[in-house]
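Engineer: Got a structure here, written out as structure tokens. Questions coming.
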Amino acid sequence: MSFPAVGAIDCDVHPAVPGMRALLPYLEEHWREQVAVRGIDGLDPASYPISIPANGRPDWRPASGKPGSDLELLREHVLAPFHTRYAILNCLYGAQSAFNVHFAGALCRAINDWIAAEWLDKEPRLRASIVVPVQDAELAAAEIDRCAADKRFVQVLLPAAGESPLGKRQHWPIYVAAERHGLPICVHAGSTFRHATTANGWPSYYLEDYVAGSHAFQAQLLSLISEGVFSKFPNLTVVLAEAGFTWLPQFMWRAVKTWRAMRAEIPWVDRAPAEIIRDHVRFTLQPSDAPPEAHQMEQTIEQIGSDRFLLFSTDYPHWHFEGDAALPDGLSASLVRKLLVDNPLETYPRLKETLQ
Amino acid sequence: MSSALLERGSAQQTRLGLIDCDVHHALRSPKDLYPYLSARWREHLATYGSRRPTPFTGASPFFKSVPALSRKDAWPPNGGSPGSDLAFMQAQLLDRYGIQAGMLHLLSITGMDQRNQEFAPALCRAINQWQYAEWTQKDQRLKAAIVVPGEDAAAAVAEIEHWAGNSDFAQVSLVTHSIEPLGRRRYWPIYEAAMAHNLPIGLHSSGNNGHAVSATGWPSYYTEEHHEVSMSQQSVVTSMVCEGVLARLPKLKVVIVEAGLAWVPSLCWRLDRQWARMKDEVPHLTRPPSSYIREQVWFTTQPTDEPERPQDILTILEWIGWDRILFATDYPHWDFDDPETAFKAQMTELQRRMVFRDNARSVYGLA
């Protein structure tokens with residue numbers, strides 16, 4: 001079965017920064033000099049070492065260079081076979097992990113300008129997330145304001161595991177800016193390694209880090225809900241990218257149960273967490289962490305109780321499926337139709353505007 | 001749920017003689033341990049106290065929902081904190097519900113996460129002696145866990161050897177918020193000793209290790225922390241399987257306590273899918289991670305997951321495997337699960353017997 005030619009909107013595609021050299025033309029003079037004099041390079045995130053098979057599908061690896069670093073290959077691997085109308089670029093270079101916030105801000109500006117010039121200008125089907133220095137909310141908000149004028153930037157990118165939970169008030173200037181420009185917040189898998197990747201300390205294996213990644217997302221959801229972000233910013237949409245989603249039913253059940261018992265602690269949360277999630281939170285499709293049986297996926301989707309929550313993604317060049325089998329078994333035809341086009345258009349107002 | 005159903009449930013439980021896999025006894029005061037501590041450690045406890053990597057001497061960093069985490073009606077009429085009065089526990093829990101066996105987990109003081117590494121073994125020994133003299137010897141329905149100073153494996157093994165063979169102790173208990181993930185090599189001698197004595201490892205959510213409770217740092221509210229602790233139990237399971245403990249020790253039994261359990265299927269799916277991509281990193285796993293979990297890990301029910309459609313809990317339990325499920329009340333804590341009302345969907349008689357009694361008998365080797 002070939003992939004449905006409906007003009008899918010791919011909500012998680014990763015362009016690789018070849019290295020600091022590629023960003024030099026986009027860095028301000030002071031930082032260009034600092035990078036050169038101090039030999040600053042190698043900021044690929046430790047959450048995604050490119051040599052690990054999972055982080056570059058074998059048939060998507062270029063002859064040389066990093067997976068995801070070549071626009072022509074991206075067209076050939078993603079845009080053509082999936083009949084992609086739009087693909088949203090989430091750049092995972094390590095700016096959000098830098099301790100020096102001034103450098104983080106400068107690097108984010110360079111990354112965003114590099115994306116605009118090297119990707120968006122060259123391929124009209126591409127859109128991008130604004131990479132912001134999450135380390136400092138005021139700098140992040142300024143970067144949102146700077147990039148938002150370019151309508152090809154459709155959301156704001158934040159890491160799943162950072163210095164402090166994203167619901168805390170220190171991050172709110174980011175949401176003020178995002179809401180001002182009608183931009184969803186995309187929380188993407190990966191850790192800045194400010195904290196151990198589990199509450200039980202540092203595991204031995206990358207496999208464990210990756211599996212534990214879904215708990216970072218769950219902690220962020222709890223934080224965003226419990227701190228009242230969705231009460232304060234009622235128009236905000238949060239997209240969890242590369243989070244998996246089969247954990248969602250149990251998460252909602254537990255969150256609702258706890259909220260019923262503890263709502264006096266967080267009186268500004270005036271609705272059940274499951275309702276808030278169904279209204280405000282979206283999930284990208286890959287990795288789907290699919291159960292072994294299709295009927296288990298069907299039941300999981302029923303338990304989630306929404307056909308609006310899921311957004312198509314290939315997670316290119318990460319390796320979660322073979323060929324064009326990006327749609328796991330157990331999704332109904334109507335859900336597939338929604339997640340390929342309707343749900344992304346509903347989630348991203350800027351894509352909808354462009355189409356109209 | 002109709003009252004007729006409740007009555008039927010109650011009668012069935014009583015006939016069953018259920019096994020409660022999470023009961024909390026408590027110290028009336030740290031002085032309860034003095035008879036079991038040397039003069040040096042009595043003095044130490046009185047002067048330096050219970051020092052763990054947490055900010056307050058007398059409170060949890062996340063203020064709980066209620067005093068002593070407990071049901072208001074669980075405060076003993078004769079004084080003392082909830083869980084500290086055996087007679088009251090007998091009346092309110094063991095007799096009331098016809099409980100055949102109750103598995104004790106002590107939380108009011110913990111030994112393993114003491115920062116003083118000489119004090120930890122002394123405290124664990126004292127706790128175990130107190131459990132034996134004051135609880136299990138006084139009511140044979142109660143079974144204790146051997147509390148061990150798990151950050152010092154040699155000392156922990158010595159503590160296991162001291163008590164092994166004593167049928168008042170049904171398992172070995174470690175805190176789950178350990179300094180390193182529990183599957184790491186430093187803890188392996190503990191599991192080898194437990195397996196040699198056919199003692200399950202009972203892992204109740206507990207302890208303080210200085211690590212943030214989430215990978216993105218400390219939350220603000222108990223609402224978050226309470227939920228995140230159950231995620232840390234998922235990481236415990238991940239660690240026990242991925243680091244190779246279960247594969248190396250195929251007869252080791254692990255019981256996960258007070259984490260709920262509806263997360264088990266999705267964790268297994270994620271583990272298996274990602275393992276399929278990265279199995280070269282963990283060559284000690286020769287089959288999918290879920291297959292080890294399916295054979296060697298059991299899960300207690302409390303706090304019972306409550307799906308929006310009540311019947312969904314039966315689907316989840318089916319996916320986990322009915323033989324993996326152990327009923328627990330968490331008495332006397334505020335989120336106590338009443339065996340008569342905790343499940344909003346009707347199990348078959350066979351399923352009830354497994355969940356409420358037979359699985360626990362099998363895991364703990366109870367008659």
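In the structure tokens, chains take the letters A, B, ... in the order shown, each chain's residues start at 1, and ligands count up from 1 in the order shown.
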Residues of chain B within 6 Å of chain A, counting only C-alpha atoms - could you list those as an mmCIF file with N, CA and C atoms, in the first residue's frame?
Structural biologist:
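Result file follows (part-v6.cif):
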data_model
loop_
_atom_site.group_PDB
_atom_site.id
_atom_site.type_symbol
_atom_site.label_atom_id
_atom_site.label_comp_id
_atom_site.auth_asym_id
_atom_site.auth_seq_id
_atom_site.Cartn_x
_atom_site.Cartn_y
_atom_site.Cartn_z
ATOM 1 N N HIS B 177 14.075 5.495 45.254
ATOM 2 C CA HIS B 177 14.894 6.653 44.898
ATOM 3 C C HIS B 177 16.293 6.430 45.469
ATOM 4 N N SER B 178 16.997 5.527 44.800
ATOM 5 C CA SER B 178 18.352 5.141 45.161
ATOM 6 C C SER B 178 19.329 6.110 44.500
ATOM 7 N N GLU B 180 21.849 5.459 42.524
ATOM 8 C CA GLU B 180 21.913 5.090 41.108
ATOM 9 C C GLU B 180 20.665 4.264 40.789
ATOM 10 N N PRO B 181 20.307 4.163 39.512
ATOM 11 C CA PRO B 181 19.161 3.316 39.172
ATOM 12 C C PRO B 181 19.390 1.892 39.703
ATOM 13 N N HIS B 211 18.307 13.436 43.529
ATOM 14 C CA HIS B 211 17.954 13.694 42.129
ATOM 15 C C HIS B 211 16.571 14.330 42.058
ATOM 16 N N ALA B 212 16.395 15.231 41.101
ATOM 17 C CA ALA B 212 15.078 15.811 40.878
ATOM 18 C C ALA B 212 14.105 14.683 40.532
ATOM 19 N N VAL B 213 12.863 14.878 40.929
ATOM 20 C CA VAL B 213 11.865 13.827 40.722
ATOM 21 C C VAL B 213 11.418 13.751 39.259
ATOM 22 N N SER B 214 11.820 14.723 38.453
ATOM 23 C CA SER B 214 11.607 14.590 37.014
ATOM 24 C C SER B 214 12.891 14.981 36.300
ATOM 25 N N ALA B 215 13.018 14.519 35.060
ATOM 26 C CA ALA B 215 14.215 14.814 34.279
ATOM 27 C C ALA B 215 14.297 16.283 33.907
ATOM 28 N N THR B 216 13.240 17.025 34.150
ATOM 29 C CA THR B 216 13.277 18.459 33.871
ATOM 30 C C THR B 216 13.249 19.278 35.157
ATOM 31 N N GLY B 217 13.560 18.625 36.286
ATOM 32 C CA GLY B 217 13.714 19.366 37.522
ATOM 33 C C GLY B 217 12.551 19.191 38.477
ATOM 34 N N GLU B 224 1.893 17.184 41.420
ATOM 35 C CA GLU B 224 2.840 16.707 40.406
ATOM 36 C C GLU B 224 3.737 15.602 40.964
ATOM 37 N N SER B 232 8.820 7.347 38.293
ATOM 38 C CA SER B 232 10.145 6.865 38.702
ATOM 39 C C SER B 232 10.112 5.351 38.892
ATOM 40 N N ALA B 262 -1.518 0.840 35.422
ATOM 41 C CA ALA B 262 -2.041 0.930 34.058
ATOM 42 C C ALA B 262 -0.970 1.391 33.071
ATOM 43 N N TRP B 263 0.164 1.819 33.572
ATOM 44 C CA TRP B 263 1.272 2.237 32.710
ATOM 45 C C TRP B 263 2.079 1.042 32.193
ATOM 46 N N SER B 266 1.899 0.227 28.175
ATOM 47 C CA SER B 266 2.540 1.184 27.268
ATOM 48 C C SER B 266 4.051 1.231 27.495
ATOM 49 N N TRP B 269 5.394 -1.703 25.593
ATOM 50 C CA TRP B 269 5.391 -1.484 24.140
ATOM 51 C C TRP B 269 6.566 -0.597 23.735
ATOM 52 N N ARG B 270 6.765 0.473 24.501
ATOM 53 C CA ARG B 270 7.860 1.402 24.186
ATOM 54 C C ARG B 270 9.213 0.711 24.337
ATOM 55 N N ARG B 277 15.320 -1.469 17.980
ATOM 56 C CA ARG B 277 16.256 -0.587 17.265
ATOM 57 C C ARG B 277 17.653 -0.612 17.866
ATOM 58 N N GLU B 306 -8.140 4.586 37.476
ATOM 59 C CA GLU B 306 -9.581 4.715 37.261
ATOM 60 C C GLU B 306 -9.869 5.253 35.870
ATOM 61 N N PRO B 307 -9.987 4.344 34.887
ATOM 62 C CA PRO B 307 -10.294 4.782 33.521
ATOM 63 C C PRO B 307 -11.634 5.505 33.463
#
Engineer: Apply DSSP to the structure's backbone, then extract all residues of range 25-257 of chain A labelled helix (DSSP H, G or I) and return them as a PyMOL selection string.
Structural biologist: chain A and resi 25-26+29-38+53-55+58-60+71-79+94-97+101-120+137-148+169-181+206-226+229-232+248-257
Engineer: Enumerate, as number ranges by chain, the complete set of residues in range 192-336 of chain A that a backbone-based DSSP assignment places in strand (DSSP E or B).
Structural biologist: A: 238-241, 281-284, 310-311, 316
Engineer: Excluding Asn208 in chain B and residues on its chain fewer than 3 positions from it, collect all residues at most 9 Å away from it, counting only C-alpha atoms, and give them as a ChimeraX atom specification.
Structural biologist: /B:52-54,113-114,175-179,211
Engineer: What is the distance between CA of Phe299 in chain B and CA of Thr348 in chain B, in Å to one decimal?
Structural biologist: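 Computing it gives 19.3 Å between the two atoms.
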Engineer: Considering only C-alpha atoms, tabulate each residue of range 105-213 of chain A that lies at most 12 Å from range 56-69 of chain A along with its nearest interatomic pair and the corresponding distance in Å to one decimal; arrange the rows by chain and ascending residue number and present them as a Markdown table.
Structural biologist:
| residue | atom | partner | partner_atom | distance |
| --- | --- | --- | --- | --- |
| A:Ile115 | CA | A:Ser69 | CA | 11.3 |
| A:Glu118 | CA | A:Ser69 | CA | 10.5 |
| A:Trp119 | CA | A:Ser69 | CA | 10.1 |
Engineer: With C-alpha atoms retained, could you export that selection as an mmCIF file, in the first residue's frame?
Structural biologist:
data_model
loop_
_atom_site.group_PDB
_atom_site.id
_atom_site.type_symbol
_atom_site.label_atom_id
_atom_site.label_comp_id
_atom_site.auth_asym_id
_atom_site.auth_seq_id
_atom_site.Cartn_x
_atom_site.Cartn_y
_atom_site.Cartn_z
ATOM 1 C CA ILE A 115 17.093 27.725 8.691
ATOM 2 C CA GLU A 118 19.377 27.491 3.821
ATOM 3 C CA TRP A 119 16.078 25.623 4.001
#
Engineer: How far is it from CA of Ile174 in chain A to CA of Leu92 in chain A, in Å with one decimal?
Structural biologist: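 About the pair CA of Ile174 in chain A and CA of Leu92 in chain A: they are 18.5 Å apart.
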Engineer: Which of these residues is nearest to Ala80 in chain A, using only C-alpha atoms: A:Asp324, A:Asp270, A:Asp113, A:Asp315?
Structural biologist: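 Of all the options, A:Asp324 lies closest to Ala80 in chain A.
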Engineer: Mind giving me the straight-line distance from CA of Val17 in chain A to CA of Leu236 in chain A in Å, one decimal?
Structural biologist: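 Separation of CA of Val17 in chain A and CA of Leu236 in chain A: 29.2 Å.
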Engineer: Would you pick out the contacts of Val297 in chain B at 10 Å or less, using only C-alpha atoms, so that residues sharing its chain but fewer than 4 positions from it are not included, and give the list as a ChimeraX atom specification?
Structural biologist: /B:200-201,237,240-241,246,252-256,290,292-293,324-325,363
Engineer: Create the file for the chosen residues now, containing N, CA and C atoms and written as a short mmCIF file (atom, residue, chain, number, x, y, z; two decimals), in the first residue's frame.
Structural biologist:
data_model
loop_
_atom_site.label_atom_id
_atom_site.label_comp_id
_atom_site.auth_asym_id
_atom_site.auth_seq_id
_atom_site.Cartn_x
_atom_site.Cartn_y
_atom_site.Cartn_z
N PRO B 200 11.60 -12.34 47.34
CA PRO B 200 11.35 -11.30 46.34
C PRO B 200 11.94 -9.96 46.79
N ILE B 201 12.19 -9.10 45.81
CA ILE B 201 12.59 -7.72 46.10
C ILE B 201 11.32 -6.87 46.05
N VAL B 237 11.61 -0.23 36.80
CA VAL B 237 11.36 -1.44 36.00
C VAL B 237 12.28 -1.45 34.78
N MET B 240 15.78 -2.39 35.92
CA MET B 240 15.96 -3.80 36.30
C MET B 240 16.03 -4.70 35.06
N VAL B 241 15.30 -4.32 34.03
CA VAL B 241 15.34 -5.16 32.84
C VAL B 241 16.51 -4.79 31.93
N LEU B 246 17.34 -8.87 35.55
CA LEU B 246 16.36 -9.95 35.39
C LEU B 246 16.92 -11.06 34.51
N LEU B 252 14.90 -14.34 40.11
CA LEU B 252 14.63 -13.17 40.95
C LEU B 252 13.21 -12.67 40.70
N LYS B 253 12.50 -12.36 41.79
CA LYS B 253 11.16 -11.81 41.68
C LYS B 253 11.19 -10.36 42.17
N VAL B 254 10.55 -9.49 41.44
CA VAL B 254 10.50 -8.06 41.80
C VAL B 254 9.04 -7.64 41.92
N VAL B 255 8.72 -7.00 43.04
CA VAL B 255 7.36 -6.52 43.25
C VAL B 255 7.38 -4.99 43.31
N ILE B 256 6.65 -4.37 42.42
CA ILE B 256 6.57 -2.91 42.37
C ILE B 256 5.36 -2.47 43.19
N SER B 290 9.88 -6.80 27.47
CA SER B 290 8.61 -7.12 28.10
C SER B 290 8.53 -8.57 28.53
N TYR B 292 10.84 -10.38 29.93
CA TYR B 292 11.41 -10.54 31.27
C TYR B 292 10.44 -9.99 32.33
N ILE B 293 9.85 -8.85 32.00
CA ILE B 293 8.90 -8.24 32.93
C ILE B 293 7.73 -9.19 33.16
N ARG B 324 0.03 -11.27 37.25
CA ARG B 324 1.03 -10.28 37.69
C ARG B 324 0.50 -9.32 38.75
N ILE B 325 -0.79 -9.38 39.01
CA ILE B 325 -1.46 -8.30 39.75
C ILE B 325 -1.63 -8.68 41.21
N VAL B 363 3.81 -15.51 44.89
CA VAL B 363 5.03 -14.68 44.90
C VAL B 363 5.77 -14.82 46.21
#
Engineer: Would you list the contacts of range 133-139 of chain B as a list in words, taking every protein, DNA or RNA residue within 9 Å and counting only C-alpha atoms, but skipping same-chain residues closer than 6 positions in sequence?
Structural biologist: His25, Leu86, Gln90, Asp168 and Phe169 of chain B
Engineer: I need the chosen residues saved as a compact mmCIF listing (two decimals), in the first residue's frame, with N, CA and C atoms.
Structural biologist:
# COMPACT_ATOMS: atom_id res chain seq x y z
N HIS B 25 2.94 0.15 58.73
CA HIS B 25 3.06 0.33 60.17
C HIS B 25 3.94 1.56 60.38
N LEU B 86 -0.94 -1.53 66.88
CA LEU B 86 -1.28 -2.81 66.28
C LEU B 86 -2.75 -3.17 66.50
N GLN B 90 -5.39 -3.93 63.61
CA GLN B 90 -6.11 -5.20 63.53
C GLN B 90 -7.60 -4.96 63.34
N ASP B 168 9.01 -14.74 59.26
CA ASP B 168 8.33 -13.46 59.51
C ASP B 168 8.69 -12.43 58.43
N PHE B 169 9.79 -12.70 57.72
CA PHE B 169 10.22 -11.76 56.67
C PHE B 169 9.95 -12.39 55.30
Engineer: Name all residues at most 8 Å from Ser230 in chain B (count only C-alpha atoms; drop same-chain ones fewer than 2 positions away) and give them as a PDB file with N, CA and C atoms, in the first residue's frame.
Structural biologist:
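Listing of out-v9.pdb after writing:
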ATOM      1  N   SER B 205       7.599   2.759  46.410  1.00  0.00           N
ATOM      2  CA  SER B 205       8.013   4.142  46.122  1.00  0.00           C
ATOM      3  C   SER B 205       8.458   4.797  47.424  1.00  0.00           C
ATOM      4  N   HIS B 226       3.448  13.551  43.435  1.00  0.00           N
ATOM      5  CA  HIS B 226       2.769  12.294  43.740  1.00  0.00           C
ATOM      6  C   HIS B 226       2.645  11.436  42.468  1.00  0.00           C
ATOM      7  N   HIS B 227       2.351  12.083  41.374  1.00  0.00           N
ATOM      8  CA  HIS B 227       2.208  11.394  40.086  1.00  0.00           C
ATOM      9  C   HIS B 227       3.587  11.004  39.530  1.00  0.00           C
ATOM     10  N   GLU B 228       4.555  11.904  39.699  1.00  0.00           N
ATOM     11  CA  GLU B 228       5.882  11.651  39.118  1.00  0.00           C
ATOM     12  C   GLU B 228       6.601  10.494  39.808  1.00  0.00           C
ATOM     13  N   SER B 232       8.820   7.347  38.293  1.00  0.00           N
ATOM     14  CA  SER B 232      10.145   6.865  38.702  1.00  0.00           C
ATOM     15  C   SER B 232      10.112   5.351  38.892  1.00  0.00           C
ATOM     16  N   GLN B 233       8.952   4.809  39.249  1.00  0.00           N
ATOM     17  CA  GLN B 233       8.839   3.355  39.354  1.00  0.00           C
ATOM     18  C   GLN B 233       8.924   2.705  37.967  1.00  0.00           C
ATOM     19  N   GLN B 234       8.446   3.425  36.955  1.00  0.00           N
ATOM     20  CA  GLN B 234       8.595   2.906  35.590  1.00  0.00           C
ATOM     21  C   GLN B 234      10.081   2.842  35.223  1.00  0.00           C
ATOM     22  N   GLU B 258       2.948   0.474  45.105  1.00  0.00           N
ATOM     23  CA  GLU B 258       2.394   1.828  45.152  1.00  0.00           C
ATOM     24  C   GLU B 258       2.804   2.700  43.966  1.00  0.00           C
ATOM     25  N   ALA B 259       2.594   2.173  42.801  1.00  0.00           N
ATOM     26  CA  ALA B 259       2.854   2.973  41.600  1.00  0.00           C
ATOM     27  C   ALA B 259       1.676   2.921  40.642  1.00  0.00           C
ATOM     28  N   GLY B 260       0.552   2.309  41.078  1.00  0.00           N
ATOM     29  CA  GLY B 260      -0.490   2.026  40.108  1.00  0.00           C
ATOM     30  C   GLY B 260       0.062   1.012  39.115  1.00  0.00           C
TER      31      GLY B 260
END
Engineer: Using only C-alpha atoms for the distances, tell me which of B:Leu199, B:Ile190, B:Leu33, B:Ile19 is nearest to Asn166 in chain B.
Structural biologist: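 Result for the nearest residue to Asn166 in chain B: B:Leu199.
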Engineer: What's the 8 Å shell around Thr347 in chain A, counting only C-alpha atoms, without same-chain residues fewer than 3 positions away, as a list of chain:residue names?
Structural biologist: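 Within the cut-off, the hits are A:Pro184, A:Thr237, A:Arg282, A:Asn343, A:Pro344.
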Engineer: May I have the selected residues written with N, CA and C atoms, as a CSV table (one decimal), in the first residue's frame?
Structural biologist:
chain,number,residue,atom,x,y,z
A,184,PRO,N,1.9,27.9,18.3
A,184,PRO,CA,1.9,26.8,19.3
A,184,PRO,C,3.3,26.7,19.9
A,237,THR,N,-1.7,26.4,22.4
A,237,THR,CA,-1.6,24.9,22.0
A,237,THR,C,-0.2,24.4,22.3
A,282,ARG,N,-1.4,18.4,21.6
A,282,ARG,CA,-1.3,17.6,20.4
A,282,ARG,C,0.0,16.7,20.5
A,343,ASN,N,-5.9,17.9,11.4
A,343,ASN,CA,-5.4,18.2,12.7
A,343,ASN,C,-4.2,19.2,12.7
A,344,PRO,N,-3.2,18.9,11.8
A,344,PRO,CA,-2.1,19.9,11.7
A,344,PRO,C,-2.7,21.3,11.3
